[in-house]
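Content type compact mmCIF, C-alpha atoms and all ligand atoms, from the file query38.txt:
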# COMPACT_ATOMS: atom_id res chain seq x y z
CA MET A 187 0.00 0.00 0.00
CA THR A 188 1.36 3.40 -0.91
CA ARG A 189 1.10 5.94 1.86
CA VAL A 190 1.52 9.64 1.36
CA TRP A 191 2.82 11.81 4.17
CA LYS A 192 0.12 14.30 5.09
CA VAL A 193 -0.05 14.71 8.81
CA TRP A 194 1.94 13.47 11.75
CA ALA A 195 -0.43 10.62 12.54
CA ASP A 196 -0.38 9.24 9.00
CA THR A 197 3.03 7.59 9.15
CA ALA A 198 4.82 5.50 11.72
CA GLY A 199 8.03 7.34 12.58
CA ASP A 200 9.56 4.41 14.46
CA SER A 201 11.19 1.35 12.92
CA SER A 202 10.06 -1.94 14.42
CA LEU A 203 13.58 -3.22 13.66
CA ALA A 204 15.15 -0.73 16.05
CA MET A 205 15.59 -0.39 19.78
CA ARG A 206 14.69 2.88 21.49
CA LEU A 207 16.24 4.60 24.46
CA ASP A 208 14.17 4.60 27.64
CA ASP A 209 14.52 8.31 28.10
CA ASP A 210 13.48 9.66 24.74
CA ALA A 211 12.29 13.05 25.89
CA ASP A 212 14.86 14.88 23.81
CA ASP A 213 14.61 12.95 20.59
CA TRP A 214 13.97 16.16 18.60
CA ARG A 215 17.73 16.76 18.64
CA GLY A 216 17.33 20.36 17.61
CA GLY A 217 15.22 19.36 14.61
CA ARG A 218 11.67 20.19 13.66
CA GLU A 219 8.57 18.40 12.42
CA ARG A 220 8.65 17.67 8.70
CA ARG A 221 6.40 19.69 6.44
CA SER A 222 3.81 18.03 4.20
CA ASP A 223 6.17 18.15 1.21
CA GLU A 224 9.01 16.54 3.18
CA SER A 225 8.03 12.88 3.06
CA VAL A 226 11.04 10.66 3.74
CA GLY A 227 12.30 9.14 0.49
CA VAL A 228 16.02 8.75 1.18
CA LEU A 229 18.27 6.92 3.63
CA VAL A 230 21.70 8.58 3.92
CA VAL A 231 24.43 6.24 5.14
CA HIS A 232 27.17 7.70 7.37
CA MET A 233 30.39 6.41 8.83
CA THR A 234 30.81 7.53 12.41
CA GLY A 235 34.11 9.32 13.00
CA ARG A 236 36.90 6.97 14.07
CA THR A 237 37.96 9.36 16.82
CA ILE A 238 34.80 8.53 18.80
CA VAL A 239 35.47 4.80 18.53
CA ALA A 240 39.16 5.26 19.38
CA LYS A 241 38.15 7.32 22.43
CA ALA A 242 35.80 4.55 23.58
CA LEU A 243 38.64 2.00 23.30
CA ARG A 244 41.00 4.24 25.27
CA GLU A 245 38.40 4.63 27.99
CA GLY A 246 37.58 0.92 28.01
CA LEU A 247 33.99 1.58 26.92
CA ASP A 248 31.80 -0.26 24.45
CA PRO A 249 32.13 1.66 21.14
CA LEU A 250 28.40 1.42 20.40
CA GLU A 251 27.44 2.79 23.81
CA LYS A 252 29.93 5.60 23.37
CA CYS A 253 28.45 6.49 19.96
CA LEU A 254 24.92 6.30 21.33
CA SER A 255 25.65 8.66 24.19
CA TYR A 256 27.59 10.95 21.85
CA TYR A 257 24.76 11.29 19.34
CA THR A 258 21.92 11.45 21.82
CA THR A 259 23.47 14.38 23.65
CA LYS A 260 24.21 16.36 20.49
CA ARG A 261 21.86 18.92 19.02
CA THR A 262 22.25 17.39 15.56
CA SER A 263 22.14 13.70 14.94
CA SER A 264 21.19 10.99 12.51
CA HIS A 265 18.01 9.04 13.17
CA TYR A 266 19.64 5.61 13.46
CA LEU A 267 22.83 3.99 14.70
CA ILE A 268 23.93 0.42 13.93
CA GLY A 269 26.60 -1.56 15.78
CA TYR A 270 29.00 -4.25 14.58
CA ASP A 271 26.56 -7.07 15.37
CA GLY A 272 23.65 -5.30 13.72
CA GLU A 273 22.17 -3.80 16.89
CA LEU A 274 19.97 -1.04 15.50
CA TRP A 275 19.10 1.96 17.65
CA GLN A 276 16.62 4.65 16.75
CA MET A 277 17.69 8.00 18.20
CA THR A 278 15.22 10.30 16.45
CA ASP A 279 11.72 9.79 15.07
CA ASP A 280 11.70 9.71 11.24
CA ARG A 281 9.09 12.46 11.27
CA ILE A 282 11.60 14.90 12.73
CA ARG A 283 13.81 16.68 10.24
CA VAL A 284 17.33 16.92 11.65
CA GLY A 285 20.54 18.23 10.08
CA HIS A 286 22.72 15.17 9.45
CA VAL A 287 24.04 16.39 6.07
CA GLY A 288 25.19 19.99 6.06
CA VAL A 289 26.03 21.56 2.70
CA GLU A 290 26.71 25.27 3.05
CA THR A 291 25.75 27.91 0.47
CA PRO A 292 29.27 28.39 -1.04
CA GLU A 293 29.73 24.64 -1.59
CA ARG A 294 26.22 24.28 -2.94
CA ALA A 295 27.00 27.03 -5.49
CA LEU A 296 30.17 25.17 -6.59
CA TYR A 297 28.16 21.98 -7.08
CA LEU A 298 25.52 23.80 -9.11
CA ASN A 299 27.97 25.76 -11.31
CA GLY A 300 30.28 22.82 -12.01
CA GLY A 301 33.29 24.19 -10.10
CA TRP A 302 33.38 21.11 -7.86
CA ALA A 303 34.47 18.91 -10.79
CA GLN A 304 37.07 21.37 -12.09
CA GLY A 305 39.27 21.49 -9.00
CA VAL A 306 37.88 24.80 -7.69
CA ALA A 307 38.57 25.24 -3.96
CA ASP A 308 35.73 26.06 -1.60
CA HIS A 309 35.80 28.88 0.94
CA GLU A 310 37.78 26.67 3.31
CA GLY A 311 40.39 25.91 0.64
CA ARG A 312 39.20 22.33 0.15
CA LYS A 313 39.34 20.78 -3.32
CA ILE A 314 37.90 17.57 -4.71
CA SER A 315 40.53 15.39 -6.42
CA LYS A 316 40.17 14.24 -10.03
CA ALA A 317 40.13 10.62 -8.87
CA THR A 318 37.29 11.33 -6.45
CA VAL A 319 35.27 13.16 -9.11
CA ALA A 320 35.81 10.15 -11.42
CA SER A 321 34.59 7.75 -8.70
CA TRP A 322 31.49 9.90 -8.16
CA ARG A 323 30.75 10.05 -11.90
CA LYS A 324 31.04 6.27 -12.14
CA ALA A 325 28.45 5.91 -9.38
CA TRP A 326 26.13 8.63 -10.72
CA PRO A 327 26.76 8.81 -14.49
CA HIS A 328 23.48 10.59 -15.28
CA TYR A 329 23.66 13.37 -12.67
CA LYS A 330 25.48 16.69 -12.95
CA SER A 331 26.58 17.02 -9.36
CA PRO A 332 25.95 15.87 -5.78
CA GLN A 333 23.35 18.63 -5.54
CA HIS A 334 21.49 17.27 -8.57
CA LEU A 335 20.67 13.93 -6.91
CA PHE A 336 17.60 15.41 -5.18
CA HIS A 337 14.87 17.87 -6.00
CA THR A 338 15.25 19.79 -2.78
CA LYS A 339 17.70 22.39 -1.51
CA SER A 340 18.70 20.23 1.44
CA VAL A 341 18.63 16.45 1.48
CA ASN A 342 17.85 16.70 5.22
CA ASN A 343 14.31 17.74 4.24
CA VAL A 344 13.52 14.37 2.69
CA SER A 345 15.92 11.95 4.34
CA VAL A 346 16.76 10.06 7.48
CA GLY A 347 20.33 9.11 8.32
CA ILE A 348 22.07 6.09 9.80
CA GLU A 349 25.45 6.19 11.55
CA MET A 350 27.79 3.19 11.52
CA PRO A 351 30.93 3.04 13.66
CA PRO A 352 33.81 1.61 11.62
CA CYS A 353 35.35 -1.72 12.67
CA TYR A 354 38.78 -0.59 11.40
CA VAL A 355 40.32 1.62 14.06
CA ASN A 356 43.92 2.49 15.05
CA GLY A 357 45.31 0.50 12.12
CA GLY A 358 43.52 -2.78 12.89
CA TYR A 359 40.16 -4.51 13.02
CA ILE A 360 38.18 -4.57 16.28
CA ALA A 361 35.37 -6.61 14.69
CA PRO A 362 35.52 -8.76 11.54
CA PRO A 363 34.67 -6.80 8.36
CA LEU A 364 32.29 -8.21 5.74
CA ARG A 365 35.48 -8.74 3.73
CA LYS A 366 39.08 -7.71 4.24
CA GLY A 367 39.61 -4.10 3.21
CA LEU A 368 36.10 -2.99 4.17
CA TRP A 369 35.54 -0.94 7.32
CA HIS A 370 32.12 -2.33 8.23
CA THR A 371 30.75 -5.68 9.23
CA ALA A 372 28.39 -8.04 7.41
CA ALA A 373 25.67 -7.23 9.98
CA GLN A 374 26.01 -3.50 9.29
CA HIS A 375 25.60 -4.10 5.54
CA LEU A 376 22.56 -6.32 6.17
CA GLY A 377 21.11 -3.90 8.72
CA VAL A 378 21.26 -0.98 6.28
CA ALA A 379 19.56 -3.15 3.64
CA LEU A 380 16.76 -4.19 6.02
CA LEU A 381 16.25 -0.66 7.35
CA ALA A 382 15.96 0.65 3.77
CA CYS A 383 13.23 -1.95 3.08
CA ASP A 384 11.45 -0.99 6.30
CA LEU A 385 11.56 2.73 5.41
CA ALA A 386 10.30 1.93 1.91
CA ASP A 387 7.33 0.10 3.47
CA ARG A 388 6.46 2.70 6.08
CA TRP A 389 6.97 5.72 3.82
CA GLY A 390 5.46 4.16 0.68
CA TRP A 391 8.44 4.44 -1.65
CA GLY A 392 6.69 2.36 -4.30
CA PRO A 393 8.25 -0.11 -6.72
CA GLY A 394 11.61 0.61 -8.32
CA TRP A 395 13.15 2.52 -5.44
CA LEU A 396 16.19 0.27 -5.48
CA PHE A 397 17.08 1.47 -8.97
CA ASP A 398 18.29 4.71 -10.47
CA PRO A 399 15.39 5.95 -12.66
CA LYS A 400 18.04 7.29 -15.07
CA GLY A 401 19.71 3.88 -15.41
CA GLY A 402 22.87 4.28 -13.31
CA PRO A 403 24.21 1.66 -10.89
CA ARG A 404 23.11 3.34 -7.64
CA SER A 405 19.74 4.32 -6.22
CA PRO A 406 19.23 7.97 -5.25
CA ALA A 407 17.13 6.61 -2.38
CA LEU A 408 20.30 5.20 -0.85
CA PRO A 409 23.29 7.56 -1.01
CA GLY A 410 26.25 7.82 1.30
CA HIS A 411 27.04 11.16 2.92
CA GLU A 412 30.03 11.44 0.54
CA ASP A 413 27.75 11.11 -2.50
CA VAL A 414 25.91 14.24 -1.36
CA ASP A 415 28.88 16.34 -0.20
CA LEU A 416 32.35 15.60 -1.56
CA TYR A 417 33.86 18.88 -0.29
CA GLY A 418 33.05 17.90 3.25
CA ARG A 419 33.43 14.15 2.98
CA SER A 420 36.41 13.33 0.75
CA GLN A 421 40.19 13.45 0.81
CA PRO A 422 42.53 13.21 -2.24
CA SER A 423 42.26 9.40 -2.19
CA GLY A 424 38.46 9.47 -2.27
CA GLY A 425 35.31 9.61 -0.16
CA TRP A 426 35.41 8.53 3.49
CA ASP A 427 31.77 8.74 4.57
CA PRO A 428 31.20 5.79 4.28
CA GLY A 429 34.18 5.30 1.92
CA ALA A 430 32.79 3.69 -1.23
CA LEU A 431 33.93 6.38 -3.68
CA ARG A 432 37.57 5.28 -3.78
CA ALA A 433 39.81 2.81 -5.60
CA GLN A 434 39.67 0.43 -2.61
CA PRO A 435 36.12 0.83 -1.23
CA ARG A 436 35.53 0.55 2.50
CA TRP A 437 31.78 0.00 2.09
CA ASP A 438 30.15 -2.43 -0.38
CA TRP A 439 27.14 -0.87 -2.11
CA PRO A 440 26.67 -3.74 -4.62
CA MET A 441 26.34 -6.11 -1.63
CA VAL A 442 23.72 -3.85 -0.01
CA HIS A 443 21.78 -3.71 -3.29
CA SER A 444 21.93 -7.53 -3.59
CA LEU A 445 20.67 -7.97 -0.01
CA ILE A 446 17.78 -5.59 -0.66
CA GLY A 447 16.96 -7.41 -3.88
CA MET A 448 16.83 -10.71 -1.96
CA ARG A 449 14.66 -9.18 0.76
CA LEU A 450 12.25 -7.73 -1.82
CA ALA A 451 12.08 -11.07 -3.63
CA ALA A 452 11.58 -13.09 -0.45
CA GLY A 453 7.78 -12.73 -0.44
CA GLY A 454 7.53 -14.03 -3.99
CA ILE A 455 9.98 -16.83 -3.33
CA SER A 456 8.12 -18.16 -0.28
CA ALA A 457 4.89 -18.21 -2.31
CA PHE A 458 6.73 -20.04 -5.08
CA LEU A 459 8.18 -22.57 -2.64
CA ALA A 460 4.74 -23.18 -1.09
CA ARG A 461 3.28 -23.84 -4.55
CA ALA A 462 6.19 -26.05 -5.53
CA ALA A 463 5.92 -27.97 -2.24
CA SER A 464 2.21 -28.58 -2.58
CA ALA A 465 2.79 -29.67 -6.19
CA VAL A 466 5.17 -32.41 -5.03
CA GLY A 467 3.21 -33.11 -1.83
CA VAL A 468 5.82 -32.16 0.81
CA ALA A 469 6.14 -29.41 3.41
CA ALA A 470 7.80 -26.30 1.98
CA THR A 471 10.61 -26.50 4.54
CA ARG A 472 11.60 -29.94 3.17
CA LEU A 473 12.49 -28.41 -0.20
CA PHE A 474 15.72 -27.15 1.37
ZN ZN B 501 28.25 11.68 7.60
Take the structure from the file and write it as structure tokens.
Ligand SMILES: [Zn+2]
Amino acid sequence: MTRVWKVWADTAGDSSLAMRLDDDADDWRGGRERRSDESVGVLVVHMTGRTIVAKALREGLDPLEKCLSYYTTKRTSSHYLIGYDGELWQMTDDRIRVGHVGVETPERALYLNGGWAQGVADHEGRKISKATVASWRKAWPHYKSPQHLFHTKSVNNVSVGIEMPPCYVNGGYIAPPLRKGLWHTAAQHLGVALLACDLADRWGWGPGWLFDPKGGPRSPALPGHEDVDLYGRSQPSGGWDPGALRAQPRWDWPMVHSLIGMRLAAGGISAFLARAASAVGVAATRLF
């Protein structure tokens, strides 16, 4: 069923996949209620800064708890946080618009006028390397710039965000990555895939949301922070938030897309298995 965001009560702002804090009194995090034209259609994926995780290790604290207390005492925050084992926490109601992706006016102008791709420095002297621009263009071949991915001035208006602490910290792994070289675990990849499906259900994204309507390899419903703001989220070697726009990616988007595809197909497959099982006269579970 397709649901359209009209009023607060129309849409569930909580994910049933996520845990909530007991004391949620301050879950506005300095944000505001979304307007009627700000239906959530995008999940922005973030890598949590390694300094927070490194600090937790120094203090002998659980990295996830450290991240949770960090984000829930800040005035800006993403909506979700996912740990190495896939523990998903909801910190802010989806229906609250918070600033998890900040693109300032000078950078926005450089995206819109093409300067970003020509090595023009922003007002802080930051430049985007040729290699990073090439990685971005490979991911988004049919879009002019990071600011052309969405039909809104700020992606915060129409998105929720998820933070993921990296499992690669201080030059080594503190939890096993999905695959060597990546900075996130299998459970974090799966968790992002499942949360995206849950958001699509609750916010009525409709069919085809997993695909780029223009035919590129990535879905505009599922960008990383770096896809939206390369000035703020890249270094000469490439993007770092979450680190897919680089020669050696730290986050595996094709895997996330595959997992979502499997999740979306699961309903059809169980119906198929039930039909096949009844055709051969056995219980569906015995087909495995
Ligand atoms: Zn970010």
Give me, as a tab-separated table, the closest atom pair and its distance (Å, one decimal) for every residue of region 337-450 of chain A within a cut-off of 8 Å of region 235-246 of chain A, counting all atoms listed in the file, rows sorted by chain and rising number.
residue	atom	partner	partner_atom	distance
A:Pro351	CA	A:Val239	CA	6.9
A:Pro352	CA	A:Arg236	CA	6.7
A:Val355	CA	A:Arg236	CA	6.3
A:Asn356	CA	A:Ala240	CA	7.0
Report task. Return as a count of residues only every polymer residue, whether protein, DNA or RNA, with at least one atom no more than 7 Å from an atom of ligand ZN 501 (chain B); count all atoms listed in the file. Result -> 7
Query raised in the report: Neighbours of region 432-436 of chain A within 7 Å (all atoms listed in the file; same-chain residues fewer than 3 positions away dropped), as a list in words?
Result: Thr318, Ser321, Gly367, Leu368, Trp369, Ser423, Gly424, Gly425 and Gly429 of chain A
List as an mmCIF file with C-alpha atoms, keeping the file's coordinate frame the protein and nucleic acid residues near Arg220 (chain A), meaning an atom at most 9 Å away when all atoms listed in the file are counted, but skip any in the same chain fewer than 4 places from it.
data_model
loop_
_atom_site.group_PDB
_atom_site.id
_atom_site.type_symbol
_atom_site.label_atom_id
_atom_site.label_comp_id
_atom_site.auth_asym_id
_atom_site.auth_seq_id
_atom_site.Cartn_x
_atom_site.Cartn_y
_atom_site.Cartn_z
ATOM 1 C CA TRP A 194 1.940 13.470 11.750
ATOM 2 C CA GLU A 224 9.010 16.540 3.180
ATOM 3 C CA SER A 225 8.030 12.880 3.060
ATOM 4 C CA VAL A 226 11.040 10.660 3.740
ATOM 5 C CA ASP A 280 11.700 9.710 11.240
ATOM 6 C CA ARG A 281 9.090 12.460 11.270
ATOM 7 C CA ILE A 282 11.600 14.900 12.730
ATOM 8 C CA ARG A 283 13.810 16.680 10.240
ATOM 9 C CA ASN A 343 14.310 17.740 4.240
ATOM 10 C CA VAL A 344 13.520 14.370 2.690
#
Requested in this report: Grab the CA of Val346 (chain A) to CA of Lys366 (chain A) distance for me, in Å with one decimal place.
Outcome: 28.7 Å
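Between CA of Leu380 (chain A) and CA of Cys353 (chain A) the separation is 19.9 Å.
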In the coordinates of the file, take the point (25.4, 1.6, 17.9) and a cut-off of 9 Å; then, counting only C-alpha atoms, name each qualifying protein, DNA or RNA residue as a short mmCIF file (atom, residue, chain, number, x, y, z; two decimals) with C-alpha atoms, keeping the file's coordinate frame.
data_model
loop_
_atom_site.label_atom_id
_atom_site.label_comp_id
_atom_site.auth_asym_id
_atom_site.auth_seq_id
_atom_site.Cartn_x
_atom_site.Cartn_y
_atom_site.Cartn_z
CA PRO A 249 32.13 1.66 21.14
CA LEU A 250 28.40 1.42 20.40
CA GLU A 251 27.44 2.79 23.81
CA LYS A 252 29.93 5.60 23.37
CA CYS A 253 28.45 6.49 19.96
CA LEU A 254 24.92 6.30 21.33
CA TYR A 266 19.64 5.61 13.46
CA LEU A 267 22.83 3.99 14.70
CA ILE A 268 23.93 0.42 13.93
CA GLY A 269 26.60 -1.56 15.78
CA TYR A 270 29.00 -4.25 14.58
CA GLY A 272 23.65 -5.30 13.72
CA GLU A 273 22.17 -3.80 16.89
CA LEU A 274 19.97 -1.04 15.50
CA TRP A 275 19.10 1.96 17.65
CA GLU A 349 25.45 6.19 11.55
CA MET A 350 27.79 3.19 11.52
CA PRO A 351 30.93 3.04 13.66
#
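For the set A:Gly402, A:Ala382, A:Ala451, A:Val414, the residue with the smallest atom-to-atom gap to Leu203 (chain A) is A:Ala382, counting only C-alpha atoms.
Atom pair CA of Cys383 (chain A) / CA of Gly410 (chain A): separated by 16.4 Å.
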Query - Contact residues around Gly394 (chain A) with all atoms listed in the file at 10 Å, ignoring same-chain residues under 4 positions, as a VMD selection string - result: chain A and resid 398 to 399 405
Report task. Tell me which protein, DNA and RNA residues are within 7 Å of Pro409 (chain A), counting all atoms listed in the file, leaving out same-chain ones fewer than 2 positions away, and put them as a VMD selection string. Result -> chain A and resid 229 to 231 406 to 407 411 413
Query raised in the report: With all atoms listed in the file as the basis for distance, which of A:Thr371, A:Arg323, A:Glu290, A:Ala303 is at the shortest distance from Lys339 (chain A)?
Result: A:Glu290
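Ranking A:Val228, A:Ser202, A:Arg218, A:Pro403 by their shortest atom-to-atom distance to Ala325 (chain A), with only C-alpha atoms included, puts A:Pro403 first.
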